[in-house]
file model30.txt (compact mmCIF, N, CA and C atoms)
# COMPACT_ATOMS: atom_id res chain seq x y z
N MET A 1 -17.32 -7.41 -1.21
CA MET A 1 -17.96 -7.57 -2.50
C MET A 1 -16.92 -7.95 -3.57
N THR A 2 -15.80 -7.25 -3.56
CA THR A 2 -14.76 -7.51 -4.56
C THR A 2 -14.22 -8.92 -4.43
N PHE A 3 -14.02 -9.37 -3.20
CA PHE A 3 -13.49 -10.72 -2.99
C PHE A 3 -14.45 -11.76 -3.57
N HIS A 4 -15.74 -11.62 -3.30
CA HIS A 4 -16.71 -12.58 -3.82
C HIS A 4 -16.83 -12.48 -5.34
N LYS A 5 -16.72 -11.27 -5.87
CA LYS A 5 -16.72 -11.10 -7.33
C LYS A 5 -15.50 -11.78 -7.94
N ASN A 6 -14.34 -11.63 -7.28
CA ASN A 6 -13.12 -12.27 -7.77
C ASN A 6 -13.23 -13.79 -7.73
N LEU A 7 -13.95 -14.32 -6.75
CA LEU A 7 -14.14 -15.78 -6.68
C LEU A 7 -14.86 -16.28 -7.93
N GLU A 8 -15.77 -15.47 -8.46
CA GLU A 8 -16.51 -15.86 -9.67
C GLU A 8 -15.69 -15.68 -10.93
N VAL A 9 -14.82 -14.68 -10.95
CA VAL A 9 -14.09 -14.32 -12.17
C VAL A 9 -12.74 -15.02 -12.28
N LEU A 10 -12.03 -15.11 -11.16
CA LEU A 10 -10.67 -15.67 -11.19
C LEU A 10 -10.71 -17.19 -11.19
N PRO A 11 -9.65 -17.82 -11.71
CA PRO A 11 -9.66 -19.27 -11.87
C PRO A 11 -9.63 -20.07 -10.56
N SER A 12 -9.15 -19.46 -9.47
CA SER A 12 -9.06 -20.22 -8.22
C SER A 12 -9.17 -19.30 -7.02
N ILE A 13 -9.46 -19.90 -5.87
CA ILE A 13 -9.49 -19.13 -4.63
C ILE A 13 -8.10 -18.59 -4.31
N HIS A 14 -7.08 -19.30 -4.74
CA HIS A 14 -5.69 -18.86 -4.56
C HIS A 14 -5.50 -17.47 -5.17
N GLU A 15 -6.02 -17.27 -6.37
CA GLU A 15 -5.90 -15.97 -7.05
C GLU A 15 -6.70 -14.90 -6.33
N ALA A 16 -7.89 -15.25 -5.85
CA ALA A 16 -8.72 -14.29 -5.13
C ALA A 16 -8.06 -13.86 -3.83
N VAL A 17 -7.44 -14.79 -3.13
CA VAL A 17 -6.72 -14.47 -1.89
C VAL A 17 -5.48 -13.62 -2.22
N ALA A 18 -4.85 -13.88 -3.35
CA ALA A 18 -3.68 -13.10 -3.75
C ALA A 18 -4.06 -11.64 -3.97
N VAL A 19 -5.22 -11.39 -4.55
CA VAL A 19 -5.65 -10.02 -4.82
C VAL A 19 -5.95 -9.28 -3.52
N VAL A 20 -6.32 -10.00 -2.47
CA VAL A 20 -6.56 -9.38 -1.17
C VAL A 20 -5.29 -8.71 -0.65
N ALA A 21 -4.13 -9.13 -1.15
CA ALA A 21 -2.85 -8.55 -0.75
C ALA A 21 -2.75 -7.08 -1.16
N LEU A 22 -3.66 -6.62 -1.99
CA LEU A 22 -3.66 -5.22 -2.39
C LEU A 22 -4.48 -4.38 -1.42
N SER A 23 -5.63 -4.86 -1.02
CA SER A 23 -6.53 -4.02 -0.23
C SER A 23 -6.29 -4.07 1.28
N ILE A 24 -6.06 -5.25 1.83
CA ILE A 24 -5.92 -5.37 3.29
C ILE A 24 -4.70 -4.60 3.82
N PRO A 25 -3.49 -4.79 3.26
CA PRO A 25 -2.35 -4.02 3.76
C PRO A 25 -2.54 -2.51 3.60
N THR A 26 -3.14 -2.09 2.50
CA THR A 26 -3.38 -0.66 2.27
C THR A 26 -4.31 -0.11 3.34
N LEU A 27 -5.35 -0.84 3.66
CA LEU A 27 -6.29 -0.42 4.70
C LEU A 27 -5.60 -0.29 6.05
N ILE A 28 -4.79 -1.27 6.40
CA ILE A 28 -4.08 -1.25 7.68
C ILE A 28 -3.06 -0.11 7.72
N ILE A 29 -2.32 0.06 6.64
CA ILE A 29 -1.32 1.13 6.60
C ILE A 29 -1.99 2.50 6.67
N PHE A 30 -3.10 2.67 5.97
CA PHE A 30 -3.84 3.93 6.05
C PHE A 30 -4.26 4.20 7.50
N GLY A 31 -4.79 3.18 8.16
CA GLY A 31 -5.20 3.33 9.56
C GLY A 31 -4.05 3.71 10.47
N ILE A 32 -2.90 3.08 10.26
CA ILE A 32 -1.72 3.40 11.08
C ILE A 32 -1.28 4.85 10.85
N LEU A 33 -1.14 5.23 9.58
CA LEU A 33 -0.66 6.58 9.28
C LEU A 33 -1.65 7.65 9.73
N TYR A 34 -2.94 7.40 9.53
CA TYR A 34 -3.94 8.37 9.95
C TYR A 34 -3.96 8.50 11.47
N SER A 35 -3.85 7.38 12.16
CA SER A 35 -3.80 7.40 13.64
C SER A 35 -2.58 8.18 14.13
N LEU A 36 -1.44 7.95 13.50
CA LEU A 36 -0.24 8.69 13.87
C LEU A 36 -0.40 10.19 13.60
N ALA A 37 -1.09 10.53 12.52
CA ALA A 37 -1.34 11.94 12.21
C ALA A 37 -2.23 12.57 13.28
N VAL A 38 -3.26 11.86 13.69
CA VAL A 38 -4.16 12.38 14.72
C VAL A 38 -3.43 12.52 16.05
N ILE A 39 -2.64 11.53 16.40
CA ILE A 39 -1.88 11.57 17.65
C ILE A 39 -0.92 12.76 17.65
N ASN A 40 -0.40 13.11 16.49
CA ASN A 40 0.60 14.18 16.39
C ASN A 40 0.03 15.49 15.85
N THR A 41 -1.22 15.79 16.16
CA THR A 41 -1.80 17.03 15.64
C THR A 41 -1.07 18.27 16.15
N ARG A 42 -0.47 18.19 17.32
CA ARG A 42 0.24 19.34 17.88
C ARG A 42 1.69 19.44 17.39
N ARG A 43 2.21 18.37 16.82
CA ARG A 43 3.55 18.39 16.21
C ARG A 43 3.35 18.50 14.71
N THR A 44 3.27 19.71 14.22
CA THR A 44 2.87 19.98 12.85
C THR A 44 3.72 19.23 11.82
N SER A 45 5.02 19.18 12.00
CA SER A 45 5.87 18.52 11.00
C SER A 45 5.58 17.01 10.95
N TYR A 46 5.35 16.40 12.10
CA TYR A 46 5.02 14.98 12.13
C TYR A 46 3.63 14.76 11.52
N HIS A 47 2.66 15.56 11.94
CA HIS A 47 1.30 15.44 11.44
C HIS A 47 1.27 15.55 9.91
N MET A 48 1.98 16.54 9.39
CA MET A 48 2.02 16.77 7.95
C MET A 48 2.60 15.57 7.21
N ARG A 49 3.68 15.02 7.70
CA ARG A 49 4.33 13.90 7.01
C ARG A 49 3.46 12.64 7.05
N TYR A 50 2.78 12.41 8.17
CA TYR A 50 1.89 11.25 8.22
C TYR A 50 0.69 11.44 7.29
N MET A 51 0.17 12.65 7.20
CA MET A 51 -0.95 12.90 6.29
C MET A 51 -0.50 12.79 4.83
N ILE A 52 0.71 13.23 4.55
CA ILE A 52 1.26 13.04 3.20
C ILE A 52 1.37 11.55 2.90
N GLY A 53 1.76 10.76 3.90
CA GLY A 53 1.81 9.30 3.74
C GLY A 53 0.45 8.73 3.38
N THR A 54 -0.62 9.21 4.03
CA THR A 54 -1.96 8.72 3.67
C THR A 54 -2.31 9.15 2.25
N ALA A 55 -1.88 10.35 1.87
CA ALA A 55 -2.16 10.83 0.51
C ALA A 55 -1.42 10.00 -0.54
N LEU A 56 -0.21 9.56 -0.21
CA LEU A 56 0.54 8.73 -1.16
C LEU A 56 -0.22 7.44 -1.48
N LEU A 57 -0.92 6.92 -0.50
CA LEU A 57 -1.71 5.71 -0.74
C LEU A 57 -2.81 5.94 -1.76
N MET A 58 -3.28 7.17 -1.88
CA MET A 58 -4.37 7.49 -2.80
C MET A 58 -3.90 7.59 -4.26
N ILE A 59 -2.60 7.68 -4.47
CA ILE A 59 -2.07 7.75 -5.83
C ILE A 59 -2.27 6.42 -6.56
N GLY A 60 -2.19 5.34 -5.81
CA GLY A 60 -2.19 4.00 -6.39
C GLY A 60 -3.31 3.68 -7.35
N PRO A 61 -4.56 3.81 -6.93
CA PRO A 61 -5.65 3.41 -7.82
C PRO A 61 -5.66 4.17 -9.15
N GLY A 62 -5.46 5.47 -9.10
CA GLY A 62 -5.48 6.26 -10.34
C GLY A 62 -4.30 5.93 -11.25
N LEU A 63 -3.12 5.86 -10.68
CA LEU A 63 -1.93 5.54 -11.48
C LEU A 63 -2.03 4.13 -12.05
N GLY A 64 -2.48 3.19 -11.25
CA GLY A 64 -2.62 1.82 -11.72
C GLY A 64 -3.61 1.71 -12.87
N ARG A 65 -4.76 2.35 -12.70
CA ARG A 65 -5.76 2.32 -13.78
C ARG A 65 -5.25 3.01 -15.03
N GLY A 66 -4.50 4.10 -14.85
CA GLY A 66 -3.92 4.79 -16.00
C GLY A 66 -2.95 3.88 -16.76
N LEU A 67 -2.13 3.15 -16.04
CA LEU A 67 -1.20 2.22 -16.69
C LEU A 67 -1.95 1.11 -17.43
N ILE A 68 -3.02 0.63 -16.82
CA ILE A 68 -3.79 -0.45 -17.44
C ILE A 68 -4.54 0.04 -18.67
N ILE A 69 -5.24 1.16 -18.54
CA ILE A 69 -6.10 1.66 -19.62
C ILE A 69 -5.29 2.25 -20.78
N TYR A 70 -4.34 3.12 -20.46
CA TYR A 70 -3.65 3.85 -21.52
C TYR A 70 -2.42 3.14 -22.08
N PHE A 71 -1.83 2.26 -21.30
CA PHE A 71 -0.62 1.59 -21.75
C PHE A 71 -0.78 0.08 -21.88
N GLY A 72 -1.96 -0.44 -21.57
CA GLY A 72 -2.21 -1.87 -21.70
C GLY A 72 -1.38 -2.74 -20.76
N THR A 73 -0.97 -2.16 -19.65
CA THR A 73 -0.16 -2.90 -18.68
C THR A 73 -1.02 -3.94 -17.98
N PRO A 74 -0.55 -5.18 -17.87
CA PRO A 74 -1.31 -6.18 -17.12
C PRO A 74 -1.51 -5.75 -15.67
N PHE A 75 -2.64 -6.12 -15.08
CA PHE A 75 -3.00 -5.69 -13.73
C PHE A 75 -1.89 -5.94 -12.71
N PRO A 76 -1.33 -7.15 -12.60
CA PRO A 76 -0.29 -7.36 -11.58
C PRO A 76 0.94 -6.48 -11.77
N VAL A 77 1.31 -6.25 -13.02
CA VAL A 77 2.48 -5.41 -13.31
C VAL A 77 2.17 -3.95 -12.97
N ALA A 78 0.96 -3.51 -13.31
CA ALA A 78 0.56 -2.13 -13.00
C ALA A 78 0.57 -1.89 -11.50
N VAL A 79 0.10 -2.86 -10.73
CA VAL A 79 0.11 -2.71 -9.27
C VAL A 79 1.54 -2.66 -8.76
N SER A 80 2.39 -3.55 -9.26
CA SER A 80 3.80 -3.56 -8.82
C SER A 80 4.48 -2.23 -9.12
N VAL A 81 4.30 -1.73 -10.33
CA VAL A 81 4.91 -0.45 -10.72
C VAL A 81 4.39 0.68 -9.85
N THR A 82 3.09 0.68 -9.61
CA THR A 82 2.47 1.72 -8.80
C THR A 82 3.01 1.70 -7.37
N LEU A 83 3.07 0.52 -6.76
CA LEU A 83 3.55 0.43 -5.38
C LEU A 83 5.01 0.84 -5.26
N VAL A 84 5.81 0.46 -6.24
CA VAL A 84 7.23 0.86 -6.22
C VAL A 84 7.35 2.37 -6.41
N ALA A 85 6.55 2.94 -7.31
CA ALA A 85 6.60 4.39 -7.54
C ALA A 85 6.22 5.16 -6.28
N ILE A 86 5.20 4.69 -5.59
CA ILE A 86 4.77 5.34 -4.35
C ILE A 86 5.87 5.23 -3.29
N ALA A 87 6.47 4.06 -3.17
CA ALA A 87 7.56 3.88 -2.21
C ALA A 87 8.74 4.79 -2.56
N LEU A 88 9.02 4.94 -3.84
CA LEU A 88 10.12 5.82 -4.26
C LEU A 88 9.84 7.28 -3.92
N ILE A 89 8.59 7.70 -4.03
CA ILE A 89 8.22 9.06 -3.63
C ILE A 89 8.47 9.23 -2.13
N GLY A 90 8.09 8.22 -1.36
CA GLY A 90 8.35 8.26 0.08
C GLY A 90 9.84 8.31 0.39
N ILE A 91 10.61 7.51 -0.33
CA ILE A 91 12.06 7.51 -0.13
C ILE A 91 12.66 8.86 -0.49
N LEU A 92 12.17 9.46 -1.57
CA LEU A 92 12.64 10.79 -1.95
C LEU A 92 12.34 11.81 -0.85
N SER A 93 11.16 11.75 -0.26
CA SER A 93 10.82 12.65 0.85
C SER A 93 11.74 12.42 2.04
N LEU A 94 12.05 11.17 2.31
CA LEU A 94 12.97 10.84 3.41
C LEU A 94 14.36 11.42 3.14
N ILE A 95 14.83 11.27 1.90
CA ILE A 95 16.15 11.80 1.53
C ILE A 95 16.18 13.33 1.67
N VAL A 96 15.10 13.98 1.25
CA VAL A 96 15.03 15.44 1.39
C VAL A 96 15.12 15.84 2.86
N ASP A 97 14.39 15.13 3.73
CA ASP A 97 14.46 15.43 5.17
C ASP A 97 15.87 15.21 5.70
N LEU A 98 16.52 14.14 5.27
CA LEU A 98 17.89 13.87 5.73
C LEU A 98 18.85 14.96 5.27
N LEU A 99 18.72 15.37 4.02
CA LEU A 99 19.61 16.40 3.48
C LEU A 99 19.38 17.76 4.15
N ARG A 100 18.13 18.04 4.48
CA ARG A 100 17.80 19.32 5.12
C ARG A 100 17.98 19.26 6.63
N LYS A 101 18.39 18.08 7.11
CA LYS A 101 18.61 17.87 8.55
C LYS A 101 17.34 18.14 9.37
N ILE A 102 16.21 17.71 8.80
CA ILE A 102 14.91 17.79 9.47
C ILE A 102 14.66 16.44 10.11
N ASP A 103 13.87 16.42 11.18
CA ASP A 103 13.56 15.16 11.86
C ASP A 103 12.93 14.20 10.84
N TYR A 104 13.62 13.13 10.56
CA TYR A 104 13.26 12.20 9.50
C TYR A 104 12.37 11.05 9.97
N LYS A 105 12.15 10.92 11.27
CA LYS A 105 11.46 9.74 11.80
C LYS A 105 10.07 9.51 11.19
N PRO A 106 9.23 10.54 11.04
CA PRO A 106 7.92 10.26 10.43
C PRO A 106 8.04 9.72 9.01
N ASN A 107 8.92 10.31 8.21
CA ASN A 107 9.08 9.82 6.84
C ASN A 107 9.71 8.43 6.81
N LEU A 108 10.53 8.12 7.76
CA LEU A 108 11.09 6.77 7.85
C LEU A 108 9.98 5.76 8.10
N ILE A 109 9.06 6.09 8.99
CA ILE A 109 7.93 5.20 9.26
C ILE A 109 7.07 5.04 8.01
N VAL A 110 6.81 6.15 7.33
CA VAL A 110 6.02 6.10 6.09
C VAL A 110 6.71 5.20 5.06
N VAL A 111 8.01 5.38 4.87
CA VAL A 111 8.75 4.58 3.89
C VAL A 111 8.73 3.10 4.25
N ILE A 112 8.95 2.79 5.52
CA ILE A 112 8.93 1.39 5.94
C ILE A 112 7.57 0.77 5.61
N LEU A 113 6.49 1.48 5.93
CA LEU A 113 5.15 0.94 5.66
C LEU A 113 4.89 0.78 4.16
N LEU A 114 5.35 1.74 3.36
CA LEU A 114 5.16 1.65 1.91
C LEU A 114 5.97 0.51 1.31
N VAL A 115 7.17 0.30 1.80
CA VAL A 115 7.99 -0.81 1.31
C VAL A 115 7.36 -2.14 1.72
N VAL A 116 6.86 -2.21 2.95
CA VAL A 116 6.18 -3.44 3.40
C VAL A 116 4.97 -3.72 2.52
N GLN A 117 4.21 -2.67 2.19
CA GLN A 117 3.05 -2.84 1.30
C GLN A 117 3.48 -3.43 -0.04
N SER A 118 4.55 -2.90 -0.60
CA SER A 118 5.04 -3.39 -1.88
C SER A 118 5.52 -4.84 -1.77
N LEU A 119 6.22 -5.15 -0.69
CA LEU A 119 6.70 -6.53 -0.50
C LEU A 119 5.55 -7.51 -0.32
N ILE A 120 4.52 -7.11 0.41
CA ILE A 120 3.36 -8.00 0.58
C ILE A 120 2.73 -8.31 -0.77
N TRP A 121 2.62 -7.29 -1.63
CA TRP A 121 2.06 -7.55 -2.96
C TRP A 121 2.94 -8.54 -3.73
N GLU A 122 4.23 -8.40 -3.61
CA GLU A 122 5.14 -9.27 -4.35
C GLU A 122 5.12 -10.71 -3.83
N ILE A 123 4.77 -10.92 -2.57
CA ILE A 123 4.73 -12.29 -2.02
C ILE A 123 3.30 -12.84 -1.98
N ARG A 124 2.39 -12.23 -2.71
CA ARG A 124 0.98 -12.60 -2.66
C ARG A 124 0.69 -14.04 -3.05
N ASN A 125 1.55 -14.66 -3.83
CA ASN A 125 1.32 -16.03 -4.27
C ASN A 125 2.06 -17.07 -3.43
N THR A 126 2.77 -16.61 -2.41
CA THR A 126 3.50 -17.55 -1.55
C THR A 126 2.58 -18.12 -0.49
N GLY A 127 3.03 -19.20 0.11
CA GLY A 127 2.25 -19.84 1.17
C GLY A 127 2.06 -18.93 2.37
N ILE A 128 3.05 -18.07 2.64
CA ILE A 128 2.95 -17.15 3.78
C ILE A 128 1.75 -16.23 3.60
N TRP A 129 1.67 -15.53 2.46
CA TRP A 129 0.54 -14.63 2.27
C TRP A 129 -0.76 -15.40 2.09
N GLN A 130 -0.72 -16.52 1.41
CA GLN A 130 -1.95 -17.28 1.20
C GLN A 130 -2.59 -17.65 2.53
N SER A 131 -1.77 -18.04 3.51
CA SER A 131 -2.34 -18.39 4.82
C SER A 131 -2.88 -17.15 5.53
N ILE A 132 -2.16 -16.03 5.47
CA ILE A 132 -2.62 -14.79 6.09
C ILE A 132 -3.87 -14.27 5.37
N GLY A 133 -3.81 -14.23 4.06
CA GLY A 133 -4.95 -13.75 3.28
C GLY A 133 -6.19 -14.60 3.46
N LYS A 134 -6.00 -15.90 3.59
CA LYS A 134 -7.15 -16.80 3.81
C LYS A 134 -7.80 -16.51 5.15
N VAL A 135 -7.00 -16.23 6.19
CA VAL A 135 -7.56 -15.86 7.50
C VAL A 135 -8.42 -14.60 7.37
N PHE A 136 -7.90 -13.57 6.66
CA PHE A 136 -8.66 -12.36 6.45
C PHE A 136 -9.93 -12.64 5.65
N ALA A 137 -9.79 -13.42 4.59
CA ALA A 137 -10.95 -13.73 3.76
C ALA A 137 -12.02 -14.48 4.56
N ASP A 138 -11.61 -15.44 5.35
CA ASP A 138 -12.58 -16.19 6.16
C ASP A 138 -13.24 -15.30 7.22
N ALA A 139 -12.46 -14.39 7.81
CA ALA A 139 -12.98 -13.55 8.88
C ALA A 139 -13.87 -12.43 8.39
N PHE A 140 -13.50 -11.82 7.27
CA PHE A 140 -14.20 -10.62 6.85
C PHE A 140 -15.06 -10.78 5.60
N PHE A 141 -14.83 -11.84 4.83
CA PHE A 141 -15.60 -11.98 3.60
C PHE A 141 -16.46 -13.20 3.68

call {"tool": "encode", "arguments": {"input": "model30.txt", "output": "structure tokens"}}
result
Amino acid sequence: MTFHKNLEVLPSIHEAVAVVALSIPTLIIFGILYSLAVINTRRTSYHMRYMIGTALLMIGPGLGRGLIIYFGTPFPVAVSVTLVAIALIGILSLIVDLLRKIDYKPNLIVVILLVVQSLIWEIRNTGIWQSIGKVFADAFF
């Protein structure tokens, strides 16, 4: 629905495909982290860190809207700031695990996925993402 609404509102299909860079990677990352949490239900420390990773993804919409509404931040900038802030929280959790000499692998996976999410948003206007996003848009929208 959002993609088709964006087609009506945004100046070009290029812009609508660029906005897909926010939802599709988030959906895939959520699925990966949730699946890893379910797979690791018996390893409490791993399960907890993967579930925290899914929770970090939920910060984005509220923080982004807060930046837009209360501070007048343009949408693309608010998304960039939000994604970087979430990745930094993940990095901080990874650093804490490293300092406490706790198994850091789950947080490393979370951080890698969060950084990839942020990078995908930043390359949303490139030919690489446009071709990937167009495939998703054609297949699912």

call {"tool": "residues_around", "arguments": {"input": "model30.txt", "residues": "range 19-24 of chain A", "least_positions_apart": "6", "cutoff": "6 Å", "atoms": "all atoms listed in the file", "output": "list in words"}}
result
Ile120, Trp121 and Arg124 of chain A

call {"tool": "residues_around", "arguments": {"input": "model30.txt", "residues": "Leu94 in chain A", "least_positions_apart": "6", "cutoff": "8 Å", "atoms": "only C-alpha atoms", "output": "PyMOL selection string"}}
result
chain A and resi 104+107-108+111

call {"tool": "atom_distance", "arguments": {"input": "model30.txt", "atom1": "CA of Val79 in chain A", "atom2": "atom C of Ile32 in chain A"}}
result
21.5 Å

call {"tool": "closest_residue", "arguments": {"input": "model30.txt", "among": "A:Ala18, A:Val9, A:Ile59, A:Ile89", "to": "Gln130 in chain A", "atoms": "all atoms listed in the file"}}
result
A:Ala18

call {"tool": "closest_residue", "arguments": {"input": "model30.txt", "among": "A:Thr82, A:Met51, A:Phe75, A:Leu36", "to": "Leu63 in chain A", "atoms": "only N, CA and C atoms"}}
result
A:Thr82

call {"tool": "closest_residue", "arguments": {"input": "model30.txt", "among": "A:Val135, A:Val38, A:Val77, A:Ile86", "to": "Val110 in chain A", "atoms": "only C-alpha atoms"}}
result
A:Ile86

call {"tool": "atom_distance", "arguments": {"input": "model30.txt", "atom1": "CA of Asn125 in chain A", "atom2": "CA of Ala16 in chain A"}}
result
10.2 Å

call {"tool": "atom_distance", "arguments": {"input": "model30.txt", "atom1": "atom N of Ala55 in chain A", "atom2": "atom C of Ile28 in chain A"}}
result
12.0 Å

call {"tool": "closest_residue", "arguments": {"input": "model30.txt", "among": "A:Met48, A:Glu122, A:Asp138, A:Leu33", "to": "Ser80 in chain A", "atoms": "only N, CA and C atoms"}}
result
A:Glu122

call {"tool": "axis_aligned_box", "arguments": {"input": "model30.txt", "around": "range 18-34 of chain A", "padding_each_side": "6 Å", "output": "AutoDock Vina command-line options"}}
result
--center_x -3.6 --center_y -2.7 --center_z 3.3 --size_x 17.9 --size_y 34.4 --size_z 28.3
